[in-house]
>>> print(open('work.txt').read())   # compact mmCIF, C-alpha atoms and all ligand atoms
# COMPACT_ATOMS: atom_id res chain seq x y z
CA MET A 1 -3.84 -1.62 10.34
CA ALA A 2 -6.90 -0.88 12.49
CA ASP A 3 -6.75 2.10 14.83
CA GLY A 4 -5.89 1.04 18.34
CA ALA A 5 -4.29 -2.25 17.32
CA ILE A 6 -1.80 -3.85 19.69
CA ALA A 7 1.57 -5.29 18.61
CA ILE A 8 2.69 -8.59 20.06
CA ILE A 9 6.38 -9.48 19.84
CA GLY A 10 6.80 -13.26 19.80
CA ALA A 11 4.51 -15.84 18.17
CA GLY A 12 5.00 -18.66 20.65
CA LEU A 13 2.30 -19.91 23.01
CA ALA A 14 2.36 -16.76 25.17
CA GLY A 15 2.03 -14.47 22.14
CA ALA A 16 -0.82 -16.59 20.76
CA ALA A 17 -2.65 -16.54 24.10
CA CYS A 18 -2.23 -12.79 24.34
CA ALA A 19 -3.61 -12.33 20.81
CA ARG A 20 -6.67 -14.41 21.65
CA ALA A 21 -7.36 -12.56 24.89
CA LEU A 22 -7.18 -9.27 22.98
CA ARG A 23 -9.53 -10.55 20.29
CA GLU A 24 -12.03 -11.65 22.95
CA ALA A 25 -11.93 -8.09 24.28
CA GLY A 26 -12.61 -6.73 20.80
CA ARG A 27 -9.05 -5.51 20.15
CA ASP A 28 -6.96 -6.11 17.02
CA ALA A 29 -3.52 -7.64 17.34
CA VAL A 30 -0.56 -7.98 14.97
CA LEU A 31 2.22 -10.43 15.84
CA PHE A 32 5.92 -10.17 14.95
CA ASP A 33 8.31 -13.11 15.18
CA LYS A 34 11.92 -13.41 14.12
CA GLY A 35 11.41 -17.08 13.19
CA ARG A 36 10.15 -18.54 9.93
CA GLY A 37 6.97 -19.92 11.49
CA ALA A 38 4.84 -19.92 14.61
CA GLY A 39 5.63 -22.00 17.66
CA GLY A 40 8.69 -20.65 19.44
CA ARG A 41 10.03 -23.46 21.61
CA LEU A 42 7.18 -25.71 20.42
CA SER A 43 9.38 -26.35 17.47
CA THR A 44 9.54 -29.00 14.77
CA ARG A 45 12.52 -29.24 12.46
CA GLN A 46 12.02 -30.65 8.98
CA ALA A 47 15.32 -32.33 8.17
CA GLU A 48 16.51 -33.98 4.97
CA THR A 49 18.24 -37.18 6.07
CA PRO A 50 19.74 -40.11 4.14
CA SER A 51 16.47 -42.01 4.83
CA GLY A 52 14.22 -39.19 3.64
CA THR A 53 12.49 -36.23 5.23
CA ALA A 54 12.11 -36.38 9.00
CA ARG A 55 10.04 -34.02 11.16
CA ILE A 56 11.63 -33.85 14.57
CA ASP A 57 10.40 -32.02 17.68
CA HIS A 58 13.64 -30.75 19.13
CA GLY A 59 12.08 -28.40 21.72
CA ALA A 60 9.12 -29.17 23.98
CA GLN A 61 8.20 -32.85 23.82
CA PHE A 62 4.65 -32.98 25.15
CA LEU A 63 2.22 -30.69 26.93
CA THR A 64 0.16 -31.32 30.00
CA ALA A 65 -3.02 -29.36 30.60
CA ARG A 66 -4.10 -28.91 34.21
CA GLY A 67 -6.29 -25.82 33.96
CA GLU A 68 -9.53 -25.28 32.05
CA ALA A 69 -8.22 -22.76 29.54
CA PHE A 70 -5.29 -24.86 28.31
CA THR A 71 -7.41 -28.01 28.31
CA ALA A 72 -9.89 -26.17 26.08
CA LEU A 73 -7.05 -25.22 23.71
CA MET A 74 -5.90 -28.86 23.53
CA GLU A 75 -9.45 -29.99 22.73
CA GLU A 76 -9.77 -27.27 20.10
CA ALA A 77 -6.47 -28.40 18.56
CA ARG A 78 -7.55 -32.03 18.68
CA ALA A 79 -10.77 -31.13 16.84
CA ALA A 80 -8.69 -29.27 14.24
CA GLY A 81 -6.42 -32.32 13.82
CA SER A 82 -3.39 -30.51 15.22
CA ALA A 83 -3.05 -32.26 18.60
CA ALA A 84 -3.46 -35.75 20.00
CA PRO A 85 -2.50 -37.59 23.19
CA TRP A 86 0.77 -39.53 23.09
CA GLU A 87 0.12 -43.16 23.97
CA GLY A 88 3.72 -44.38 23.67
CA ARG A 89 5.74 -46.44 26.13
CA LEU A 90 6.91 -43.53 28.30
CA VAL A 91 9.16 -44.40 31.23
CA SER A 92 11.61 -43.01 33.72
CA ILE A 93 14.93 -44.70 34.40
CA ASP A 94 16.96 -43.99 37.50
CA ARG A 95 20.75 -43.95 37.79
CA ALA A 96 20.75 -47.65 38.77
CA GLY A 97 18.83 -48.54 35.60
CA ASN A 98 15.44 -49.19 37.26
CA LEU A 99 12.66 -48.51 34.80
CA GLU A 100 9.15 -47.33 35.73
CA PRO A 101 6.26 -46.15 33.55
CA LEU A 102 5.66 -42.39 33.77
CA ARG A 103 2.60 -41.61 35.85
CA GLN A 104 -0.78 -41.73 34.10
CA GLU A 105 -1.56 -38.31 32.64
CA THR A 106 -2.68 -37.06 29.25
CA ARG A 107 0.43 -35.95 27.38
CA TRP A 108 -0.47 -33.88 24.34
CA THR A 109 1.64 -33.56 21.24
CA GLY A 110 1.06 -31.41 18.20
CA THR A 111 0.33 -33.28 14.97
CA PRO A 112 2.22 -33.61 12.71
CA GLY A 113 4.63 -31.55 14.86
CA MET A 114 4.53 -29.64 18.15
CA ASN A 115 4.27 -26.27 16.39
CA ALA A 116 0.86 -27.27 14.92
CA ILE A 117 -0.77 -26.37 18.24
CA VAL A 118 0.44 -22.77 18.07
CA LYS A 119 -0.55 -22.56 14.40
CA THR A 120 -4.08 -23.54 15.38
CA ALA A 121 -4.12 -21.04 18.24
CA LEU A 122 -3.05 -18.30 15.82
CA SER A 123 -5.46 -19.06 13.03
CA GLY A 124 -7.03 -15.88 11.70
CA PHE A 125 -4.33 -13.56 13.11
CA GLU A 126 -1.95 -11.39 11.17
CA VAL A 127 1.56 -12.67 11.90
CA ARG A 128 4.75 -11.24 10.39
CA PHE A 129 7.47 -13.88 10.26
CA GLY A 130 11.16 -13.18 9.73
CA ALA A 131 10.50 -9.93 11.61
CA ARG A 132 12.96 -9.40 14.46
CA VAL A 133 11.98 -6.36 16.50
CA THR A 134 15.10 -4.49 17.62
CA LYS A 135 13.62 -1.40 19.22
CA LEU A 136 10.38 0.27 20.31
CA LYS A 137 9.73 3.93 19.53
CA GLY A 138 7.08 6.47 20.43
CA GLY A 139 4.82 6.20 23.45
CA PRO A 140 1.30 5.31 24.62
CA GLY A 141 -1.17 5.26 21.73
CA LYS A 142 1.58 5.76 19.16
CA TRP A 143 4.09 2.98 19.72
CA ARG A 144 6.12 1.79 16.74
CA VAL A 145 8.24 -1.35 16.36
CA VAL A 146 11.55 -1.11 14.52
CA LEU A 147 12.51 -4.18 12.50
CA GLU A 148 16.03 -5.53 12.00
CA GLU A 149 15.48 -5.97 8.26
CA GLY A 150 14.72 -2.23 8.05
CA GLY A 151 11.59 -0.18 8.40
CA GLU A 152 9.14 0.19 11.22
CA GLU A 153 5.49 -0.60 11.85
CA GLY A 154 2.82 1.24 13.77
CA PRO A 155 1.26 3.15 15.37
CA PHE A 156 0.10 0.72 18.04
CA ALA A 157 -1.92 1.51 21.15
CA ALA A 158 0.20 -0.88 23.19
CA ILE A 159 2.92 -3.51 22.93
CA ALA A 160 3.07 -7.03 24.38
CA VAL A 161 6.56 -8.50 24.63
CA THR A 162 6.53 -12.31 24.93
CA ILE A 163 10.16 -13.19 24.31
CA PRO A 164 12.77 -14.70 26.68
CA PRO A 165 14.05 -12.30 29.37
CA GLU A 166 17.60 -11.80 28.04
CA GLN A 167 16.22 -10.86 24.63
CA MET A 168 13.67 -8.57 26.26
CA ILE A 169 16.41 -6.80 28.21
CA ASP A 170 18.27 -6.14 24.92
CA LEU A 171 15.11 -4.79 23.32
CA PHE A 172 14.24 -2.50 26.22
CA ALA A 173 17.83 -1.30 26.59
CA ARG A 174 17.64 0.10 23.04
CA THR A 175 14.32 1.82 23.70
CA ASN A 176 14.08 5.34 24.98
CA ALA A 177 11.51 4.78 27.76
CA ASP A 178 11.60 3.71 31.40
CA PHE A 179 11.41 -0.08 31.71
CA ALA A 180 13.64 -0.25 34.79
CA GLU A 181 11.28 -2.45 36.81
CA GLN A 182 10.67 -4.98 34.04
CA ILE A 183 14.41 -5.11 33.31
CA ALA A 184 15.22 -5.69 36.99
CA GLU A 185 12.76 -8.60 37.16
CA ALA A 186 14.05 -10.08 33.91
CA LYS A 187 17.64 -9.92 35.21
CA GLU A 188 16.60 -12.05 38.19
CA ALA A 189 14.79 -14.63 36.05
CA VAL A 190 16.72 -17.65 34.75
CA LEU A 191 15.92 -19.74 31.68
CA GLY A 192 18.38 -22.63 31.65
CA PRO A 193 19.90 -23.95 28.39
CA CYS A 194 19.35 -27.31 26.68
CA GLN A 195 21.63 -29.00 24.18
CA ALA A 196 19.52 -31.20 21.89
CA VAL A 197 20.57 -33.84 19.37
CA MET A 198 18.36 -35.17 16.56
CA LEU A 199 19.57 -38.42 15.10
CA GLN A 200 18.90 -41.44 12.96
CA CYS A 201 20.19 -44.87 13.81
CA ASP A 202 19.35 -48.43 12.78
CA PRO A 203 15.49 -48.41 12.62
CA GLY A 204 15.49 -51.83 14.31
CA PHE A 205 16.77 -50.31 17.57
CA ASP A 206 14.21 -50.86 20.35
CA PRO A 207 15.36 -50.31 23.92
CA GLY A 208 11.94 -51.37 25.26
CA PHE A 209 10.54 -47.82 25.52
CA ASP A 210 9.56 -45.00 23.18
CA ALA A 211 10.64 -42.17 25.44
CA ALA A 212 12.47 -41.99 28.71
CA LYS A 213 13.17 -39.44 31.37
CA LEU A 214 16.69 -40.29 32.45
CA TYR A 215 18.58 -39.74 35.69
CA GLY A 216 22.27 -40.08 36.44
CA GLY A 217 23.95 -38.82 33.25
CA GLY A 218 24.20 -35.93 30.83
CA VAL A 219 21.21 -37.07 28.76
CA THR A 220 17.96 -36.33 30.57
CA TRP A 221 15.42 -37.27 27.90
CA MET A 222 15.30 -39.46 24.79
CA ALA A 223 12.33 -40.06 22.51
CA ARG A 224 11.49 -41.84 19.28
CA THR A 225 9.69 -39.45 16.98
CA LEU A 226 7.49 -41.96 15.16
CA SER A 227 5.99 -43.14 18.47
CA LYS A 228 4.15 -39.81 18.62
CA PRO A 229 0.68 -39.61 17.06
CA GLY A 230 0.13 -38.37 13.53
CA ARG A 231 3.78 -38.68 12.49
CA ASP A 232 5.09 -39.96 9.20
CA GLY A 233 8.39 -39.77 7.34
CA ALA A 234 11.77 -41.06 8.36
CA GLU A 235 12.46 -42.54 11.80
CA SER A 236 14.45 -40.39 14.22
CA TRP A 237 15.26 -39.92 17.88
CA VAL A 238 15.82 -36.79 19.92
CA LEU A 239 18.14 -36.52 22.93
CA HIS A 240 18.05 -33.66 25.44
CA ALA A 241 20.92 -32.92 27.78
CA SER A 242 20.24 -31.83 31.35
CA THR A 243 20.40 -28.13 32.20
CA ASN A 244 23.62 -28.67 34.16
CA TRP A 245 25.34 -30.56 31.35
CA SER A 246 24.12 -28.02 28.80
CA ARG A 247 25.43 -25.12 30.87
CA VAL A 248 28.88 -26.69 31.16
CA HIS A 249 28.95 -27.58 27.44
CA LEU A 250 27.13 -24.51 26.12
CA GLU A 251 29.98 -23.41 23.85
CA ASP A 252 31.00 -26.90 22.67
CA SER A 253 30.88 -27.47 18.91
CA PRO A 254 27.80 -29.27 17.53
CA ASP A 255 30.04 -32.25 16.66
CA ALA A 256 31.34 -32.49 20.21
CA VAL A 257 27.79 -32.35 21.61
CA ILE A 258 26.61 -35.05 19.20
CA ARG A 259 29.57 -37.27 20.07
CA ALA A 260 29.18 -36.94 23.85
CA LEU A 261 25.41 -37.49 24.00
CA THR A 262 25.20 -40.30 21.43
CA GLU A 263 28.10 -42.15 23.07
CA GLU A 264 26.31 -41.93 26.40
CA VAL A 265 23.12 -43.59 25.11
CA HIS A 266 25.22 -46.06 23.12
CA VAL A 267 26.91 -47.21 26.31
CA ARG A 268 23.76 -47.05 28.44
CA PHE A 269 21.16 -48.58 26.09
CA GLY A 270 23.11 -50.00 23.17
CA MET A 271 21.70 -47.40 20.77
CA PRO A 272 23.69 -47.81 17.55
CA LEU A 273 25.87 -44.80 16.75
CA PRO A 274 23.92 -42.54 14.39
CA GLY A 275 24.18 -42.53 10.61
CA TRP A 276 22.89 -38.94 10.64
CA ALA A 277 22.69 -36.37 13.43
CA GLN A 278 22.25 -32.65 14.03
CA ALA A 279 22.64 -30.64 17.22
CA HIS A 280 20.55 -27.69 18.30
CA ARG A 281 21.48 -25.41 21.18
CA TRP A 282 18.60 -23.91 23.10
CA ARG A 283 20.27 -21.06 24.90
CA TYR A 284 17.00 -20.33 26.73
CA ALA A 285 14.98 -23.50 27.29
CA LEU A 286 13.40 -24.11 30.67
CA SER A 287 12.57 -21.70 33.46
CA GLU A 288 14.63 -22.27 36.61
CA LYS A 289 13.81 -19.05 38.47
CA ALA A 290 10.71 -16.95 37.76
CA PRO A 291 9.25 -13.73 39.21
CA GLY A 292 6.04 -15.66 39.94
CA THR A 293 3.57 -13.11 38.58
CA HIS A 294 1.75 -13.58 35.28
CA PHE A 295 2.93 -10.37 33.61
CA ALA A 296 4.33 -6.90 34.25
CA LEU A 297 3.39 -3.53 32.77
CA ASP A 298 5.37 -0.32 32.48
CA GLU A 299 4.13 2.71 34.37
CA THR A 300 1.99 3.88 31.41
CA GLY A 301 0.22 0.51 31.30
CA THR A 302 0.88 0.24 27.56
CA VAL A 303 3.99 -1.97 27.36
CA GLY A 304 3.79 -5.33 29.05
CA CYS A 305 5.79 -8.54 29.17
CA GLY A 306 4.79 -12.17 29.57
CA GLY A 307 5.89 -15.70 28.77
CA ASP A 308 6.74 -18.91 30.61
CA TRP A 309 9.74 -17.20 32.21
CA ARG A 310 7.36 -15.28 34.50
CA LEU A 311 5.77 -18.40 36.03
CA GLY A 312 7.79 -21.59 35.42
CA GLY A 313 9.01 -24.15 32.92
CA ARG A 314 5.79 -25.56 31.49
CA ALA A 315 4.09 -24.59 28.27
CA GLU A 316 0.73 -24.20 30.01
CA LEU A 317 2.25 -21.44 32.14
CA ALA A 318 3.26 -19.56 28.98
CA TRP A 319 -0.38 -19.75 27.90
CA ASP A 320 -1.64 -18.51 31.27
CA SER A 321 0.85 -15.65 31.32
CA GLY A 322 0.01 -14.55 27.77
CA THR A 323 -3.72 -14.66 28.49
CA ALA A 324 -3.38 -12.48 31.59
CA LEU A 325 -1.15 -10.03 29.70
CA GLY A 326 -3.73 -9.77 26.89
CA HIS A 327 -6.51 -9.03 29.36
CA ALA A 328 -4.41 -6.31 30.98
CA LEU A 329 -3.41 -4.66 27.69
CA ALA A 330 -6.97 -4.77 26.33
CA ARG A 331 -7.62 -1.80 28.59
CA ALA A 332 -4.75 0.24 27.07
C1 LIG B 1 14.26 -28.39 24.91
C2 LIG B 1 12.96 -27.96 25.53
C3 LIG B 1 12.11 -28.90 26.09
C4 LIG B 1 10.91 -28.51 26.66
N1 LIG B 1 10.06 -29.46 27.12
C5 LIG B 1 8.84 -29.10 27.54
C6 LIG B 1 7.87 -30.09 27.83
O1 LIG B 1 8.11 -31.30 27.62
N2 LIG B 1 6.65 -29.69 28.31
C7 LIG B 1 6.35 -28.37 28.50
O2 LIG B 1 5.24 -28.05 28.93
N3 LIG B 1 7.24 -27.40 28.18
C8 LIG B 1 8.47 -27.75 27.70
N4 LIG B 1 9.34 -26.79 27.32
C9 LIG B 1 9.02 -25.38 27.60
C10 LIG B 1 8.03 -24.80 26.58
O3 LIG B 1 8.51 -25.00 25.28
C11 LIG B 1 7.88 -23.31 26.88
O4 LIG B 1 7.42 -23.14 28.20
C12 LIG B 1 6.94 -22.55 25.95
O5 LIG B 1 7.02 -22.99 24.63
C13 LIG B 1 7.28 -21.06 26.07
O6 LIG B 1 6.41 -20.27 25.25
P1 LIG B 1 6.64 -18.70 25.16
O7 LIG B 1 5.63 -18.19 24.20
O8 LIG B 1 6.69 -18.11 26.52
O9 LIG B 1 8.11 -18.50 24.56
P2 LIG B 1 8.73 -18.98 23.17
O10 LIG B 1 8.10 -20.24 22.73
O11 LIG B 1 10.22 -18.95 23.37
O12 LIG B 1 8.30 -17.83 22.14
C14 LIG B 1 9.02 -16.63 22.02
C15 LIG B 1 9.02 -16.21 20.56
O13 LIG B 1 9.61 -14.92 20.47
C16 LIG B 1 10.36 -14.85 19.27
N5 LIG B 1 11.32 -13.77 19.44
C17 LIG B 1 12.35 -13.67 20.32
N6 LIG B 1 12.97 -12.47 20.21
C18 LIG B 1 12.31 -11.78 19.24
C19 LIG B 1 12.43 -10.46 18.68
N7 LIG B 1 13.36 -9.60 19.10
N8 LIG B 1 11.58 -10.08 17.69
C20 LIG B 1 10.61 -10.95 17.24
N9 LIG B 1 10.44 -12.20 17.74
C21 LIG B 1 11.26 -12.60 18.75
C22 LIG B 1 10.98 -16.24 19.13
O14 LIG B 1 11.31 -16.52 17.77
C23 LIG B 1 9.84 -17.13 19.65
O15 LIG B 1 9.02 -17.60 18.59
C24 LIG B 1 10.55 -27.14 26.70
C25 LIG B 1 11.38 -26.19 26.11
C26 LIG B 1 12.56 -26.61 25.50
C27 LIG B 1 13.42 -25.59 24.80
>>> encode(input="work.txt", output="structure tokens")
Amino acid sequence: MADGAIAIIGAGLAGAACARALREAGRDAVLFDKGRGAGGRLSTRQAETPSGTARIDHGAQFLTARGEAFTALMEEARAAGSAAPWEGRLVSIDRAGNLEPLRQETRWTGTPGMNAIVKTALSGFEVRFGARVTKLKGGPGKWRVVLEEGGEEGPFAAIAVTIPPEQMIDLFARTNADFAEQIAEAKEAVLGPCQAVMLQCDPGFDPGFDAAKLYGGGVTWMARTLSKPGRDGAESWVLHASTNWSRVHLEDSPDAVIRALTEEVHVRFGMPLPGWAQAHRWRYALSEKAPGTHFALDETGTVGCGGDWRLGGRAELAWDSGTALGHALARA
């Protein structure tokens, strides 16, 4: 490990942005993620179903790029074959059943799955997967990360923490240093939950749209996977419950969640009941209350935190936060 390298905890969009900002400033970065691959909430599940292998985006569905930096990342990913605009029949449907096309905007998806965008962003970086960081040790210039599986890594000049606030609070609480301000901000922030269902039904089912933002029920979003660009494999749909519904039903069993959400779209749109389904609970999905600043540093300026939870519930904001955090830590 190069002298003066910086550890980044979390290999989602914010972690990737932070790594790139550090590289631009001539600093080395090493990323640690508890998951099996890059992406975080830009997540694609590969599922074995009775109709074959399906790749299903059960987290973020599409990305919009309003600023220059994120637009440049989307174009870079498009050139690498890992992103493309979604040209499907995307609509919104109000509680009375009125259907309107979603407003014209480029909606990017990863290809062949959402996580491909983060993989592209992280190309050339050292990333340790299956590496849950449970504690930080040491201090400025000699930070170490302690891993759940045993062992520790370091020394690092600085640490960037790009994980959801509740998980960051746990991490800081186990660390013998003063993170009181960052913990206080994280306690105020809220990332609401989302219950998601991935399913397969009769492939002939066509409600007249490929994806819909829904109002007036527990299901707030439904989308047909194969309508996204660059997809192959078995047909599938994903359903997302609203934050309110998910909060009320957070501890329901996966079977109960599947039953409630699939019955709702069965009644509302005639979607056949699924032959195969899986539920996924996102305990921390979308930002509802954010501090509103891109990042925060401890008083030594060597441990910082970032992520979408600092700015709001859009992937682009995770990128912006991670970039700003990387620039700040490059000086550590
Ligand atoms: C259901 C759902 C739908 C969404 N829809 C959209 C959408 O349509 N459009 C949009 O723009 N955004 C959407 N979002 C939000 C978008 O996914 C996020 O804003 C963005 O992905 C957040 O990136 P991040 O890097 O801040 O965090 P994350 O992607 O959560 O990355 C954090 C990473 O940290 C890792 N981690 C956590 N704790 C530890 C630890 N102790 N040690 C090591 N690693 C750790 C995790 O494994 C994860 O990979 C959606 C999110 C969800 C869940």
>>> residues_near_ligand(input="work.txt", ligand="ligand LIG 1 (chain B)", cutoff="7 Å", atoms="only C-alpha atoms and all ligand atoms", output="ChimeraX atom specification")
/A:9-15,32-35,38-42,58-64,131-134,162-164,167,171,194,196,240,282,284-286,306-309,313-318
>>> residues_around(input="work.txt", residues="Glu235 in chain A", least_positions_apart="6", cutoff="8 Å", atoms="only C-alpha atoms", output="VMD selection string")
chain A and resid 54 200 203 224 to 226
>>> write_last_selection(input="work.txt", atoms="C-alpha atoms", output="compact mmCIF listing (two decimals), keeping the file's coordinate frame")
# COMPACT_ATOMS: atom_id res chain seq x y z
CA ALA A 54 12.11 -36.38 9.00
CA GLN A 200 18.90 -41.44 12.96
CA PRO A 203 15.49 -48.41 12.62
CA ARG A 224 11.49 -41.84 19.28
CA THR A 225 9.69 -39.45 16.98
CA LEU A 226 7.49 -41.96 15.16
>>> residues_near_point(input="work.txt", point="(3.0, 3.2, 22.5)", cutoff="7 Å", atoms="all atoms listed in the file", output="JSON, numbers by chain")
{"A": [138, 139, 140, 141, 142, 143, 144, 156, 157, 158, 159, 302]}
>>> residues_around(input="work.txt", residues="Ala211 in chain A", least_positions_apart="3", cutoff="6 Å", atoms="all atoms listed in the file", output="list in words")
Leu90, Met222 and Ala223 of chain A
>>> write_last_selection(input="work.txt", atoms="C-alpha atoms", output="JSON list (two decimals), in the coordinates of the input")
[["chain", "number", "residue", "atom", "x", "y", "z"],
["A", 90, "LEU", "CA", 6.91, -43.53, 28.30],
["A", 222, "MET", "CA", 15.30, -39.46, 24.79],
["A", 223, "ALA", "CA", 12.33, -40.06, 22.51]]
>>> residues_near_point(input="work.txt", point="(2.8, -34.7, 23.1)", cutoff="10 Å", atoms="all atoms listed in the file", output="list in words")
Asp57, Ala60, Gln61, Phe62, Leu63, Thr64, Ala83, Ala84, Pro85, Trp86, Glu87, Gly88, Thr106, Arg107, Trp108, Thr109, Gly110, Thr111, Gly113, Met114, Lys228 and Pro229 of chain A
>>> write_last_selection(input="work.txt", atoms="C-alpha atoms", output="tab-separated table (two decimals), in the frame of the given file")
chain	number	residue	atom	x	y	z
A	57	ASP	CA	10.40	-32.02	17.68
A	60	ALA	CA	9.12	-29.17	23.98
A	61	GLN	CA	8.20	-32.85	23.82
A	62	PHE	CA	4.65	-32.98	25.15
A	63	LEU	CA	2.22	-30.69	26.93
A	64	THR	CA	0.16	-31.32	30.00
A	83	ALA	CA	-3.05	-32.26	18.60
A	84	ALA	CA	-3.46	-35.75	20.00
A	85	PRO	CA	-2.50	-37.59	23.19
A	86	TRP	CA	0.77	-39.53	23.09
A	87	GLU	CA	0.12	-43.16	23.97
A	88	GLY	CA	3.72	-44.38	23.67
A	106	THR	CA	-2.68	-37.06	29.25
A	107	ARG	CA	0.43	-35.95	27.38
A	108	TRP	CA	-0.47	-33.88	24.34
A	109	THR	CA	1.64	-33.56	21.24
A	110	GLY	CA	1.06	-31.41	18.20
A	111	THR	CA	0.33	-33.28	14.97
A	113	GLY	CA	4.63	-31.55	14.86
A	114	MET	CA	4.53	-29.64	18.15
A	228	LYS	CA	4.15	-39.81	18.62
A	229	PRO	CA	0.68	-39.61	17.06
